[in-house]
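The data block below is structure26.cif; it holds mmCIF, C-alpha atoms and all ligand atoms.
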data_my_file
#
loop_
_atom_site.label_atom_id
_atom_site.label_comp_id
_atom_site.auth_asym_id
_atom_site.auth_seq_id
_atom_site.Cartn_x
_atom_site.Cartn_y
_atom_site.Cartn_z
CA MET A 1 8.34 -14.43 9.30
CA ALA A 2 11.17 -13.03 11.38
CA ASN A 3 13.89 -15.38 12.32
CA PRO A 4 16.10 -13.55 14.78
CA LYS A 5 19.03 -15.53 16.04
CA SER A 6 22.03 -14.72 18.12
CA ARG A 7 24.95 -12.74 16.78
CA ARG A 8 28.08 -14.22 15.47
CA SER A 9 30.42 -14.32 18.44
CA GLY A 10 33.43 -13.04 16.54
CA GLN A 11 31.67 -9.84 15.61
CA LYS A 12 32.07 -6.73 17.63
CA SER A 13 29.72 -3.81 17.73
CA ALA A 14 30.85 -0.95 15.61
CA SER A 15 32.15 1.68 17.94
CA ASN A 16 30.33 4.86 17.17
CA GLY A 17 30.89 7.48 19.85
CA ASN A 18 28.15 7.50 22.41
CA ARG A 19 25.63 5.60 20.41
CA SER A 20 23.89 2.61 21.80
CA PHE A 21 22.85 -0.09 19.46
CA LEU A 22 19.83 -2.29 19.14
CA LYS A 23 20.39 -5.91 19.94
CA ALA A 24 21.44 -7.69 16.81
CA GLN A 25 19.04 -9.61 14.69
CA PHE A 26 21.91 -10.81 12.56
CA SER A 27 22.28 -14.46 12.19
CA GLU A 28 25.00 -16.76 11.14
CA ASP A 29 22.37 -18.86 9.47
CA ARG A 30 21.13 -17.93 6.07
CA THR A 31 17.39 -17.46 6.35
CA TYR A 32 16.41 -17.56 2.74
CA THR A 33 12.87 -18.76 3.06
CA ILE A 34 10.15 -16.41 1.96
CA PRO A 35 6.80 -17.32 3.52
CA ASP A 36 4.00 -17.36 0.99
CA LEU A 37 0.47 -17.00 2.35
CA ARG A 38 -1.23 -17.51 -0.99
CA LEU A 39 -3.67 -20.34 -1.53
CA GLU A 40 -2.82 -20.46 -5.23
CA LYS A 41 0.34 -19.60 -7.07
CA PRO A 42 -0.48 -18.38 -10.54
CA SER A 43 2.09 -19.54 -13.00
CA PHE A 44 2.22 -17.72 -16.26
CA THR A 45 4.61 -15.55 -18.18
CA ILE A 46 3.88 -12.43 -20.17
CA ARG A 47 6.02 -12.24 -23.24
CA GLN A 48 6.59 -9.47 -25.74
CA ILE A 49 6.15 -10.55 -29.35
CA ARG A 50 6.19 -8.85 -32.71
CA LYS A 51 3.23 -9.25 -35.05
CA GLY A 52 4.14 -7.61 -38.33
CA ASP A 53 4.88 -4.01 -37.45
CA GLU A 54 3.21 -4.27 -34.07
CA ILE A 55 4.63 -5.10 -30.69
CA CYS A 56 2.22 -6.90 -28.39
CA TYR A 57 2.12 -9.22 -25.41
CA GLU A 58 0.99 -12.78 -25.03
CA VAL A 59 0.52 -14.92 -21.95
CA GLU A 60 1.89 -18.38 -21.57
CA GLY A 61 0.78 -20.68 -18.77
CA ASN A 62 -2.27 -21.96 -17.00
CA LEU A 63 -5.08 -19.42 -16.88
CA ASN A 64 -7.81 -21.92 -16.10
CA SER A 65 -7.09 -22.75 -12.48
CA ALA A 66 -9.90 -22.63 -9.94
CA VAL A 67 -10.39 -19.41 -7.97
CA PRO A 68 -8.88 -19.85 -4.49
CA PRO A 69 -10.88 -19.35 -1.31
CA ILE A 70 -10.18 -16.50 1.10
CA ARG A 71 -7.61 -17.49 3.70
CA GLU A 72 -8.95 -17.41 7.23
CA SER A 73 -7.48 -14.47 9.18
CA LYS A 74 -5.59 -15.20 12.38
CA TYR A 75 -6.32 -11.78 13.80
CA LEU A 76 -9.41 -10.06 12.42
CA SER A 77 -12.68 -10.08 14.35
CA LYS A 78 -15.97 -10.52 12.53
CA GLN A 79 -16.64 -6.81 12.91
CA GLN A 80 -13.24 -5.87 11.50
CA HIS A 81 -13.84 -8.05 8.44
CA ILE A 82 -17.04 -6.14 7.78
CA GLU A 83 -15.31 -2.79 8.30
CA ILE A 84 -12.60 -3.67 5.79
CA TYR A 85 -15.24 -4.87 3.33
CA ARG A 86 -17.00 -1.52 3.67
CA TRP A 87 -13.78 0.42 3.02
CA MET A 88 -13.16 -1.69 -0.07
CA LEU A 89 -16.64 -1.01 -1.39
CA LEU A 90 -16.27 2.70 -0.71
CA ASN A 91 -12.90 2.66 -2.48
CA ARG A 92 -14.33 0.92 -5.57
CA LYS A 93 -17.50 2.97 -5.80
CA MET A 94 -15.69 6.26 -5.20
CA GLU A 95 -13.45 5.50 -8.16
CA GLN A 96 -16.50 4.68 -10.28
CA ALA A 97 -17.93 8.08 -9.30
CA LEU A 98 -14.62 9.74 -10.19
CA GLU A 99 -14.66 8.09 -13.60
CA ASN A 100 -18.14 9.50 -14.22
CA LEU A 101 -17.06 12.95 -13.05
CA TYR A 102 -14.13 12.78 -15.44
CA LYS A 103 -16.39 11.83 -18.33
CA GLN A 104 -18.63 14.79 -17.45
CA GLY A 105 -15.60 17.06 -17.82
CA LYS A 106 -15.55 17.97 -14.14
CA VAL A 107 -12.12 16.59 -13.28
CA VAL A 108 -8.99 18.68 -13.80
CA GLY A 109 -6.27 16.39 -15.14
CA GLY A 110 -6.44 12.59 -15.07
CA VAL A 111 -7.85 9.98 -12.74
CA TYR A 112 -5.93 7.04 -11.36
CA PHE A 113 -7.57 3.82 -10.32
CA GLY A 114 -6.82 1.03 -7.88
CA LEU A 115 -9.35 -1.33 -9.44
CA GLY A 116 -8.52 -4.86 -8.33
CA GLN A 117 -6.20 -3.54 -5.61
CA GLU A 118 -8.77 -2.45 -3.03
CA ALA A 119 -7.98 -5.30 -0.65
CA CYS A 120 -4.32 -4.33 -0.66
CA SER A 121 -4.95 -0.64 -0.01
CA CYS A 122 -7.68 -0.99 2.60
CA ALA A 123 -6.58 -4.04 4.59
CA SER A 124 -2.98 -2.81 4.80
CA ALA A 125 -3.83 0.65 6.13
CA PHE A 126 -6.32 -0.96 8.50
CA ALA A 127 -3.40 -2.58 10.35
CA LEU A 128 -1.90 0.77 11.38
CA HIS A 129 -2.78 2.42 14.65
CA LYS A 130 -4.27 5.89 14.52
CA ASP A 131 -1.06 7.56 15.73
CA GLU A 132 1.15 5.74 13.21
CA TRP A 133 1.97 6.92 9.69
CA LEU A 134 1.08 6.13 6.11
CA GLY A 135 2.64 7.23 2.82
CA PRO A 136 0.21 6.31 0.03
CA LEU A 137 0.84 6.02 -3.70
CA ILE A 138 -1.58 7.10 -6.41
CA ARG A 139 -3.52 3.81 -6.41
CA ASN A 140 -3.94 3.73 -2.63
CA GLN A 141 -7.04 5.87 -2.44
CA GLY A 142 -8.57 3.16 -0.26
CA SER A 143 -5.73 3.65 2.24
CA LEU A 144 -6.54 7.37 2.33
CA LEU A 145 -10.17 6.57 3.16
CA VAL A 146 -9.10 4.24 5.96
CA ARG A 147 -6.83 6.98 7.36
CA GLY A 148 -9.77 9.36 7.55
CA PHE A 149 -9.94 11.31 4.31
CA SER A 150 -13.49 11.36 2.98
CA PRO A 151 -14.58 10.65 -0.59
CA ARG A 152 -15.54 14.32 -0.59
CA ASP A 153 -11.91 15.35 0.03
CA ILE A 154 -10.64 13.10 -2.75
CA MET A 155 -13.32 14.16 -5.25
CA MET A 156 -12.71 17.85 -4.52
CA GLN A 157 -9.00 17.26 -4.93
CA TYR A 158 -9.52 15.74 -8.40
CA MET A 159 -11.76 18.67 -9.31
CA ALA A 160 -9.22 21.17 -7.91
CA LYS A 161 -11.84 22.77 -5.69
CA ALA A 162 -11.05 25.49 -3.16
CA GLY A 163 -12.08 23.23 -0.29
CA SER A 164 -9.86 20.32 -1.37
CA PRO A 165 -6.88 19.24 0.72
CA THR A 166 -4.50 21.29 -1.46
CA LYS A 167 -7.04 24.11 -1.96
CA GLY A 168 -7.07 23.52 -5.71
CA ARG A 169 -3.31 23.64 -6.20
CA ASP A 170 -2.88 20.03 -7.19
CA ALA A 171 -5.35 17.83 -8.97
CA SER A 172 -4.51 14.33 -7.89
CA SER A 173 -2.73 12.52 -5.11
CA HIS A 174 -0.20 14.97 -3.77
CA PHE A 175 -1.72 15.66 -0.43
CA GLY A 176 -1.43 14.46 3.12
CA ASP A 177 -2.09 15.57 6.66
CA ILE A 178 0.66 15.86 9.22
CA TYR A 179 -1.64 17.00 12.01
CA GLU A 180 -4.60 14.65 12.34
CA ARG A 181 -4.38 11.71 10.00
CA ASN A 182 -0.61 11.21 9.89
CA VAL A 183 -0.44 10.84 6.14
CA VAL A 184 2.72 11.89 4.33
CA ALA A 185 1.91 13.68 1.07
CA PRO A 186 3.49 11.74 -1.77
CA ILE A 187 5.35 13.31 -4.62
CA SER A 188 5.47 11.56 -7.97
CA THR A 189 9.08 10.41 -7.88
CA LEU A 190 8.69 6.72 -7.28
CA GLY A 191 10.48 5.34 -4.24
CA ASP A 192 10.97 8.67 -2.51
CA LEU A 193 8.38 7.90 0.13
CA ILE A 194 10.48 5.04 1.44
CA PRO A 195 13.32 7.06 3.04
CA VAL A 196 10.80 9.69 4.10
CA LEU A 197 8.74 7.13 6.01
CA ALA A 198 11.93 5.62 7.43
CA GLY A 199 12.72 9.11 8.65
CA VAL A 200 9.32 9.38 10.29
CA ALA A 201 10.01 6.17 12.22
CA LEU A 202 13.42 7.52 13.20
CA GLY A 203 11.81 10.77 14.35
CA ALA A 204 9.38 8.82 16.53
CA ARG A 205 12.27 6.82 17.99
CA LEU A 206 14.06 10.02 18.95
CA GLN A 207 10.90 10.89 20.84
CA GLY A 208 10.97 7.56 22.63
CA ARG A 209 8.50 5.59 20.54
CA GLU A 210 8.84 2.66 18.16
CA ILE A 211 6.04 2.97 15.64
CA ALA A 212 4.95 1.28 12.45
CA VAL A 213 5.10 3.37 9.29
CA MET A 214 3.69 2.03 6.05
CA THR A 215 4.23 2.82 2.43
CA TYR A 216 3.96 1.21 -0.98
CA ILE A 217 6.00 0.78 -4.13
CA GLY A 218 5.04 -0.82 -7.45
CA ASP A 219 6.70 -3.60 -9.40
CA GLY A 220 8.10 -0.84 -11.62
CA GLY A 221 9.02 1.66 -8.92
CA GLN A 222 10.85 -0.91 -6.80
CA SER A 223 13.74 -0.81 -9.27
CA THR A 224 14.64 2.76 -8.35
CA GLY A 225 17.82 3.53 -6.46
CA VAL A 226 16.02 5.38 -3.72
CA THR A 227 14.00 2.24 -2.93
CA TYR A 228 17.25 0.47 -2.15
CA GLU A 229 18.68 3.38 -0.19
CA GLY A 230 15.56 3.94 1.86
CA LEU A 231 14.93 0.32 2.70
CA ASN A 232 18.56 -0.38 3.42
CA PHE A 233 18.64 2.58 5.81
CA ALA A 234 15.49 1.32 7.53
CA ALA A 235 17.02 -2.17 7.75
CA VAL A 236 20.32 -1.13 9.34
CA GLN A 237 18.55 1.21 11.74
CA HIS A 238 15.83 -1.35 12.55
CA LEU A 239 13.16 1.20 11.74
CA GLY A 240 9.54 0.10 11.73
CA LEU A 241 8.93 0.43 8.01
CA VAL A 242 6.28 -1.80 6.47
CA LEU A 243 6.84 -1.75 2.74
CA PHE A 244 4.16 -3.15 0.47
CA VAL A 245 5.56 -4.00 -2.93
CA GLU A 246 2.44 -3.93 -5.03
CA ASN A 247 3.17 -6.30 -7.86
CA ASN A 248 0.22 -5.61 -10.15
CA LEU A 249 2.02 -7.06 -13.16
CA TRP A 250 2.35 -3.77 -15.07
CA GLY A 251 4.37 -0.59 -14.83
CA TYR A 252 2.73 1.63 -17.45
CA SER A 253 2.72 -0.73 -20.45
CA THR A 254 5.69 -2.84 -19.37
CA PRO A 255 4.87 -6.26 -17.94
CA ALA A 256 6.52 -7.29 -14.69
CA ASP A 257 8.30 -10.11 -16.52
CA MET A 258 10.31 -7.48 -18.37
CA GLN A 259 11.19 -5.51 -15.25
CA PHE A 260 13.07 -7.90 -12.99
CA ARG A 261 14.65 -11.34 -13.04
CA VAL A 262 13.83 -12.58 -9.54
CA LYS A 263 10.89 -14.94 -9.31
CA ASP A 264 9.22 -13.03 -6.52
CA LEU A 265 9.91 -9.45 -5.50
CA ALA A 266 9.71 -10.52 -1.85
CA GLU A 267 13.08 -12.20 -2.47
CA ARG A 268 14.59 -8.75 -2.47
CA ALA A 269 14.12 -8.78 1.30
CA ILE A 270 16.94 -11.29 1.59
CA ALA A 271 19.42 -8.79 0.23
CA TYR A 272 18.36 -6.22 2.81
CA GLY A 273 18.57 -8.74 5.65
CA ILE A 274 14.92 -8.28 6.57
CA PRO A 275 11.88 -10.56 6.51
CA GLY A 276 9.94 -10.80 3.28
CA VAL A 277 6.56 -12.36 2.73
CA ILE A 278 4.26 -12.96 -0.22
CA VAL A 279 0.53 -12.44 -0.07
CA ASP A 280 -2.33 -12.64 -2.51
CA GLY A 281 -3.12 -8.94 -2.86
CA THR A 282 -6.71 -9.76 -3.74
CA ASP A 283 -7.32 -11.46 -0.38
CA ALA A 284 -7.98 -8.90 2.35
CA CYS A 285 -7.34 -11.42 5.14
CA GLN A 286 -3.86 -12.29 3.88
CA VAL A 287 -3.01 -8.65 3.35
CA TYR A 288 -4.19 -7.73 6.84
CA ASP A 289 -2.45 -10.61 8.60
CA ALA A 290 0.90 -9.90 6.96
CA ALA A 291 0.52 -6.16 7.61
CA HIS A 292 -0.45 -6.76 11.22
CA GLU A 293 2.55 -9.00 11.89
CA ALA A 294 4.86 -6.52 10.22
CA CYS A 295 3.39 -3.64 12.27
CA GLU A 296 3.78 -5.60 15.48
CA ARG A 297 7.40 -6.32 14.61
CA ALA A 298 7.88 -2.61 13.93
CA ARG A 299 6.36 -1.70 17.29
CA ARG A 300 8.78 -4.07 19.02
CA GLY A 301 11.64 -2.12 17.43
CA GLU A 302 12.71 -5.09 15.30
CA GLY A 303 12.81 -3.28 11.99
CA PRO A 304 11.25 -3.31 8.56
CA THR A 305 9.34 -5.95 6.61
CA LEU A 306 8.85 -6.24 2.89
CA ILE A 307 5.48 -7.62 1.83
CA GLU A 308 4.94 -8.46 -1.80
CA ALA A 309 1.25 -8.30 -2.72
CA LYS A 310 0.51 -10.03 -6.00
CA MET A 311 -2.49 -8.88 -7.96
CA MET A 312 -3.34 -7.17 -11.24
CA ARG A 313 -3.88 -3.57 -12.25
CA MET A 314 -7.37 -3.97 -13.71
CA LYS A 315 -7.35 -0.73 -15.69
CA GLY A 316 -4.80 1.26 -17.62
CA HIS A 317 -2.14 3.35 -15.93
CA ALA A 318 -4.66 6.21 -15.67
CA ILE A 319 -7.92 7.10 -17.31
CA HIS A 320 -6.26 8.10 -20.58
CA ASP A 321 -4.87 4.58 -21.01
CA ALA A 322 -7.28 1.96 -22.37
CA ALA A 323 -4.74 -0.80 -21.59
CA GLU A 324 -5.21 -2.38 -24.99
CA TYR A 325 -1.73 -3.87 -24.72
CA VAL A 326 -2.90 -6.13 -21.87
CA PRO A 327 -3.96 -9.58 -23.12
CA LYS A 328 -7.71 -10.02 -22.58
CA SER A 329 -7.19 -13.42 -20.99
CA LEU A 330 -5.33 -11.76 -18.11
CA PHE A 331 -8.27 -9.48 -17.38
CA GLU A 332 -10.54 -12.52 -17.42
CA TYR A 333 -8.27 -14.48 -15.09
CA TRP A 334 -7.97 -11.68 -12.53
CA GLY A 335 -11.58 -10.61 -13.01
CA LYS A 336 -12.55 -13.97 -11.47
CA ARG A 337 -10.32 -13.07 -8.53
CA ASP A 338 -12.06 -9.79 -7.85
CA PRO A 339 -11.16 -8.86 -4.25
CA ILE A 340 -14.56 -7.41 -3.41
CA ALA A 341 -16.76 -10.10 -4.97
CA ARG A 342 -14.70 -12.80 -3.25
CA PHE A 343 -14.73 -11.07 0.10
CA GLU A 344 -18.46 -10.48 -0.17
CA ASN A 345 -18.99 -14.15 -0.94
CA TYR A 346 -16.81 -15.05 2.06
CA LEU A 347 -18.73 -12.83 4.46
CA VAL A 348 -22.23 -13.57 3.16
CA LYS A 349 -22.07 -17.19 2.05
CA VAL A 350 -19.06 -18.85 3.65
CA LYS A 351 -19.00 -17.24 7.10
CA LYS A 352 -22.57 -16.01 7.13
CA TRP A 353 -21.44 -12.93 9.05
CA LEU A 354 -23.58 -10.66 6.86
CA THR A 355 -27.14 -11.49 5.88
CA ARG A 356 -28.27 -10.56 2.40
CA GLU A 357 -30.32 -7.72 3.87
CA GLU A 358 -27.41 -6.41 5.94
CA ASN A 359 -25.21 -6.52 2.88
CA GLU A 360 -27.77 -4.62 0.84
CA LYS A 361 -28.09 -2.02 3.57
CA LEU A 362 -24.33 -1.62 3.86
CA THR A 363 -24.07 -1.17 0.08
CA ALA A 364 -26.93 1.34 0.05
CA ASP A 365 -25.24 3.31 2.87
CA VAL A 366 -22.03 3.48 0.86
CA ASP A 367 -23.99 4.62 -2.22
CA ARG A 368 -25.78 7.28 -0.18
CA GLN A 369 -22.55 8.60 1.33
CA LEU A 370 -20.96 8.81 -2.12
CA GLU A 371 -23.94 10.58 -3.61
CA GLU A 372 -23.89 13.19 -0.85
CA ASP A 373 -20.15 13.67 -1.11
CA ARG A 374 -20.26 13.91 -4.90
CA ASP A 375 -23.05 16.50 -4.82
CA TYR A 376 -21.18 18.52 -2.21
CA ALA A 377 -17.92 18.35 -4.17
CA VAL A 378 -19.55 19.30 -7.48
CA ALA A 379 -21.37 22.26 -5.93
CA SER A 380 -18.35 23.59 -4.04
CA PRO A 381 -16.47 26.58 -5.51
CA MET A 382 -13.20 26.71 -7.41
CA PRO A 383 -10.40 28.70 -5.73
CA SER A 384 -10.22 32.42 -6.35
CA PRO A 385 -7.50 33.41 -8.86
CA GLU A 386 -5.82 35.64 -6.23
CA SER A 387 -5.26 32.64 -3.97
CA ALA A 388 -2.94 30.99 -6.55
CA ALA A 389 0.18 32.69 -5.23
CA GLY A 390 -0.54 31.75 -1.63
CA GLY A 391 1.04 28.81 0.14
CA VAL A 392 3.98 28.60 -2.23
CA TYR A 393 6.62 29.35 0.37
CA CYS A 394 6.34 28.43 4.01
CA ASP A 395 6.49 31.61 6.02
CA GLY A 396 6.21 29.97 9.40
CA CYS A 397 2.73 28.65 8.68
CA HIS A 398 3.69 25.12 9.68
CA ASP A 399 3.97 24.58 13.35
CA ILE A 400 5.46 21.11 13.52
CA LYS A 401 5.55 19.78 17.05
CA PRO A 402 6.92 16.46 18.27
CA LYS A 403 4.00 14.05 18.48
CA TYR A 404 5.28 11.43 20.84
CA GLY A 405 7.42 13.14 23.42
CA ARG A 406 10.47 15.26 24.03
CA ILE A 407 13.21 14.75 21.47
CA ASN A 408 16.11 12.92 22.96
CA THR A 409 19.28 12.48 20.97
CA GLU A 410 21.28 11.30 23.96
CA GLU A 411 22.40 7.74 24.29
CA ARG A 412 19.50 5.59 25.40
CA SER A 413 20.32 2.98 27.99
CA SER A 414 17.34 0.88 26.92
CA ALA A 415 18.23 1.04 23.26
CA LYS A 416 17.69 -2.23 21.51
CA ILE A 417 19.71 -1.89 18.34
CA GLU A 418 23.18 -3.15 17.99
CA VAL A 419 24.49 -2.29 14.60
CA GLY A 420 27.50 -3.03 12.55
CA HIS A 421 29.82 -5.78 11.59
CA ALA A 422 33.45 -5.44 12.56
CA HIS A 423 35.76 -5.19 9.58
C1 LIG A 501 11.54 7.76 -10.41
C2 LIG A 501 10.38 7.79 -11.36
N1 LIG A 501 10.54 7.29 -12.61
C3 LIG A 501 9.51 7.29 -13.47
C4 LIG A 501 8.31 7.82 -13.10
C5 LIG A 501 7.15 7.85 -14.09
N2 LIG A 501 6.15 6.85 -13.73
C6 LIG A 501 5.06 7.19 -13.03
S1 LIG A 501 4.08 5.86 -12.70
C7 LIG A 501 5.13 4.82 -13.52
C8 LIG A 501 4.83 3.35 -13.60
C9 LIG A 501 4.91 2.76 -12.26
O1 LIG A 501 4.66 1.39 -12.30
P1 LIG A 501 4.59 0.61 -10.96
O2 LIG A 501 5.67 1.02 -10.04
O3 LIG A 501 4.49 -0.83 -11.30
O4 LIG A 501 3.23 1.13 -10.28
P2 LIG A 501 1.74 0.96 -10.81
O5 LIG A 501 1.47 2.10 -11.71
O6 LIG A 501 1.64 -0.35 -11.50
O7 LIG A 501 0.90 1.02 -9.58
C10 LIG A 501 6.23 5.49 -14.01
C11 LIG A 501 7.33 4.88 -14.77
C12 LIG A 501 8.18 8.36 -11.81
N3 LIG A 501 7.03 8.89 -11.39
N4 LIG A 501 9.22 8.31 -10.94
MG MG A 502 2.85 -2.01 -11.37
#

Is it possible to give me this structure as structure tokens?
Ligand SMILES: Cc1ncc(C[n+]2csc(CCOP(=O)(O)OP(=O)(O)O)c2C)c(N)n1
Ligand SMILES: [Mg+2]
Amino acid sequence: MANPKSRRSGQKSASNGNRSFLKAQFSEDRTYTIPDLRLEKPSFTIRQIRKGDEICYEVEGNLNSAVPPIRESKYLSKQQHIEIYRWMLLNRKMEQALENLYKQGKVVGGVYFGLGQEACSCASAFALHKDEWLGPLIRNQGSLLVRGFSPRDIMMQYMAKAGSPTKGRDASSHFGDIYERNVVAPISTLGDLIPVLAGVALGARLQGREIAVMTYIGDGGQSTGVTYEGLNFAAVQHLGLVLFVENNLWGYSTPADMQFRVKDLAERAIAYGIPGVIVDGTDACQVYDAAHEACERARRGEGPTLIEAKMMRMKGHAIHDAAEYVPKSLFEYWGKRDPIARFENYLVKVKKWLTREENEKLTADVDRQLEEDRDYAVASPMPSPESAAGGVYCDGCHDIKPKYGRINTEERSSAKIEVGHAH
């Protein structure tokens, strides 16, 4: 996907005090191709229409095409395929358990689902090394599992239990772990994770390491100003940001077709001067391969990559939203492209890497783990009222140490970046 070429000879490096610069990736050539790993390219448009007093949506285009096969991975071993499949199952079944807990009145607040997006969450996070960093969004509960949070943690969080990651102070996704799992806690403001993760990569560089950092933004959230600022900063600094643009066709009740004019959101990469790639977000192999290549590029210090994952949000925005505005035919179309059913078919029938019995055992193990975690979470206590005022202000409770080495802000002789166009 990258196409680094030599620098324009007439350009000089920007002089900037003692700073060294990474070697330029700038090219005189326009590199406007966006690789597309998909094995089918759905072509339909969602249009807003008025029916009497009602506003609704209709789909135009071909919704009868055959379901594509899974694309063979260039990198994953047989064992890794099975691991990713297990994470996806755990992701799906944990969300089913959460839905039940909500309906039993045990959840405080709402529940958000990544139904139909499990391949994107799990296979992307799977490409990170343990000592690299992830910034998840609300639908990336699968990524949290891959990074080492247990279903128990996530269930307790939704039930605001004392033993939850935020000790009952928040009831959904606003938690992370800067010590063990290297997960940045998201806040709700869409796009804000992007500069934060860019900053994490910069922090690692100052400690002598080029690392991959990964985060996500939706088809709606990508329009925010901070998305541009964060990604542009990562681009000019050649920071190892891997940005998944999760195009799930809806931002609340607004269809993607009413949110942007470009054909593919991966095209945005061109304007940042970074590689962009399109994947089928329902195909774990495509998601992994693109994520892996982007992470490798990050680790070489070559900068960010934008990966557009196309898929469909298979539920409403959150549990309160029945998604009645979504045309039924779209659910049917994407239902046939279910990431787990297709991956299961690939592993069991196409590759024959899992026998029926092994698959049943794996599924039963996931069910057992979820049952245990759910029972534990339900039985665990709520926080004591007196604890509510604790942890509001940091009074030195966070001991944040450099993870990769001594911080060095001096000029680095081995620095690879060369930045700046002469004006
Ligand atoms: C800057 C900002 N604007 C608005 C919101 C409110 N909001 C929360 S989720 C959401 C829809 C996001 O859609 P998308 O980015 O496509 O993500 P998806 O829900 O489809 O995963 C909006 C508008 C917000 N959290 N942050
Ligand atoms: Mg969306």

Discussion item. Applying 12 Å and only C-alpha atoms, which residues near stretch 324-331 of chain A remain after dropping the ones on its own chain fewer than 4 positions away? List them as a PyMOL selection string.
Written reply: chain A and resi 42-49+54-64+115-116+248-256+311-317+320+335-338

May I have the residues within 9 Å of A:Pro339 as a PDB file with C-alpha atoms, keeping the file's coordinate frame, using only C-alpha atoms and disregarding those fewer than 6 positions away in the same chain?
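File out_24.pdb, as written:
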ATOM      1  CA  MET A  88     -13.160  -1.690  -0.070  1.00  0.00           C
ATOM      2  CA  GLY A 116      -8.520  -4.860  -8.330  1.00  0.00           C
ATOM      3  CA  GLN A 117      -6.200  -3.540  -5.610  1.00  0.00           C
ATOM      4  CA  GLU A 118      -8.770  -2.450  -3.030  1.00  0.00           C
ATOM      5  CA  ALA A 119      -7.980  -5.300  -0.650  1.00  0.00           C
ATOM      6  CA  CYS A 120      -4.320  -4.330  -0.660  1.00  0.00           C
ATOM      7  CA  GLY A 281      -3.120  -8.940  -2.860  1.00  0.00           C
ATOM      8  CA  THR A 282      -6.710  -9.760  -3.740  1.00  0.00           C
ATOM      9  CA  ASP A 283      -7.320 -11.460  -0.380  1.00  0.00           C
ATOM     10  CA  ALA A 284      -7.980  -8.900   2.350  1.00  0.00           C
TER      11      ALA A 284
END

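You will find atom CA of A:Leu202 at 21.7 Å from atom CA of A:Ala271.
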
Counting only C-alpha atoms, what are the residues of stretch 259-378 of chain A within 12 Å of stretch 128-138 of chain A, and for each of them which pair of atoms is the nearest and at what distance in Å, to one decimal? Sort the table by chain and rising number, as a tab-separated table.
residue	atom	partner	partner_atom	distance
A:Tyr288	CA	A:Leu128	CA	9.9
A:Asp289	CA	A:Leu128	CA	11.7
A:Ala290	CA	A:Leu128	CA	11.9
A:Ala291	CA	A:Leu128	CA	8.3
A:His292	CA	A:Leu128	CA	7.7
A:Glu293	CA	A:Leu128	CA	10.7
A:Ala294	CA	A:Leu128	CA	10.0
A:Cys295	CA	A:Leu128	CA	6.9
A:Glu296	CA	A:Leu128	CA	9.5
A:Ala298	CA	A:Leu128	CA	10.7
A:Arg299	CA	A:Glu132	CA	10.0
A:His317	CA	A:Ile138	CA	10.2
A:Ala318	CA	A:Ile138	CA	9.8

Discussion item. Please compute the atom CA of A:Leu145-atom CA of A:Met214 distance, one decimal, in Å.
Written reply: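 It comes out at 14.9 Å.
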
Discussion item. Could you check the closest approach to A:Thr33 for each of A:Met156, A:Pro186, A:Tyr179, A:Glu267 and tell me which residue wins, using all atoms listed in the file?
Written reply: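 Checking each of A:Met156, A:Pro186, A:Tyr179, A:Glu267 against A:Thr33, counting all atoms listed in the file, the winner is A:Glu267.
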
Discussion item. For a test of reading the model, state the distance in Å between atom C12 of ligand LIG 501 (chain A) and atom CA of A:Asp192, rounded to one decimal.
Written reply: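 So the answer is 9.7 Å.
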
Discussion item. What's around A:Leu241 at 9 Å? Count all atoms listed in the file, leave out sequence neighbours fewer than 3 positions away in its own chain, and write the answer as an MDAnalysis selection string.
Written reply: chainID A and resid 194 197:198 201 211:215 231 234:235 238 294:295 298 303:306

Using C-alpha atoms, can you export the residues from the last selection as a CSV table (one decimal), in the coordinates of the input?
chain,number,residue,atom,x,y,z
A,194,ILE,CA,10.5,5.0,1.4
A,197,LEU,CA,8.7,7.1,6.0
A,198,ALA,CA,11.9,5.6,7.4
A,201,ALA,CA,10.0,6.2,12.2
A,211,ILE,CA,6.0,3.0,15.6
A,212,ALA,CA,5.0,1.3,12.4
A,213,VAL,CA,5.1,3.4,9.3
A,214,MET,CA,3.7,2.0,6.0
A,215,THR,CA,4.2,2.8,2.4
A,231,LEU,CA,14.9,0.3,2.7
A,234,ALA,CA,15.5,1.3,7.5
A,235,ALA,CA,17.0,-2.2,7.8
A,238,HIS,CA,15.8,-1.4,12.6
A,294,ALA,CA,4.9,-6.5,10.2
A,295,CYS,CA,3.4,-3.6,12.3
A,298,ALA,CA,7.9,-2.6,13.9
A,303,GLY,CA,12.8,-3.3,12.0
A,304,PRO,CA,11.2,-3.3,8.6
A,305,THR,CA,9.3,-6.0,6.6
A,306,LEU,CA,8.8,-6.2,2.9

Fill in: Residue nearest A:Gly218 among A:Met155, A:Ala309, A:Ile84, A:Val146 (counting only C-alpha atoms)
A:Ala309

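For the set A:Ser387, A:Ser124, A:Gln207, A:Asn232, the residue with the smallest atom-to-atom gap to A:Ile307 is A:Ser124, counting only C-alpha atoms.
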
Worksheet entry | Option closest in space to ligand MG 502 (chain A), from A:Tyr272, A:Phe244, A:Tyr404, A:Tyr346 [counting all atoms listed in the file] | A:Phe244

Discussion item. Show me, as a ChimeraX atom specification, the residues that have an atom within 8 Å of stretch 160-165 of chain A when counting all atoms listed in the file, minus same-chain residues fewer than 5 positions from it.
Written reply: /A:107-108,153-154,170-171,175-176,377,380-384

Practice prompt. Would you please work out which residue, of A:Asp395, A:Tyr158, A:Gly142, A:Ala341, is nearest to A:Gly109 when using only C-alpha atoms?
Written response: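 With only C-alpha atoms as the atom set, the closest residue is A:Tyr158.
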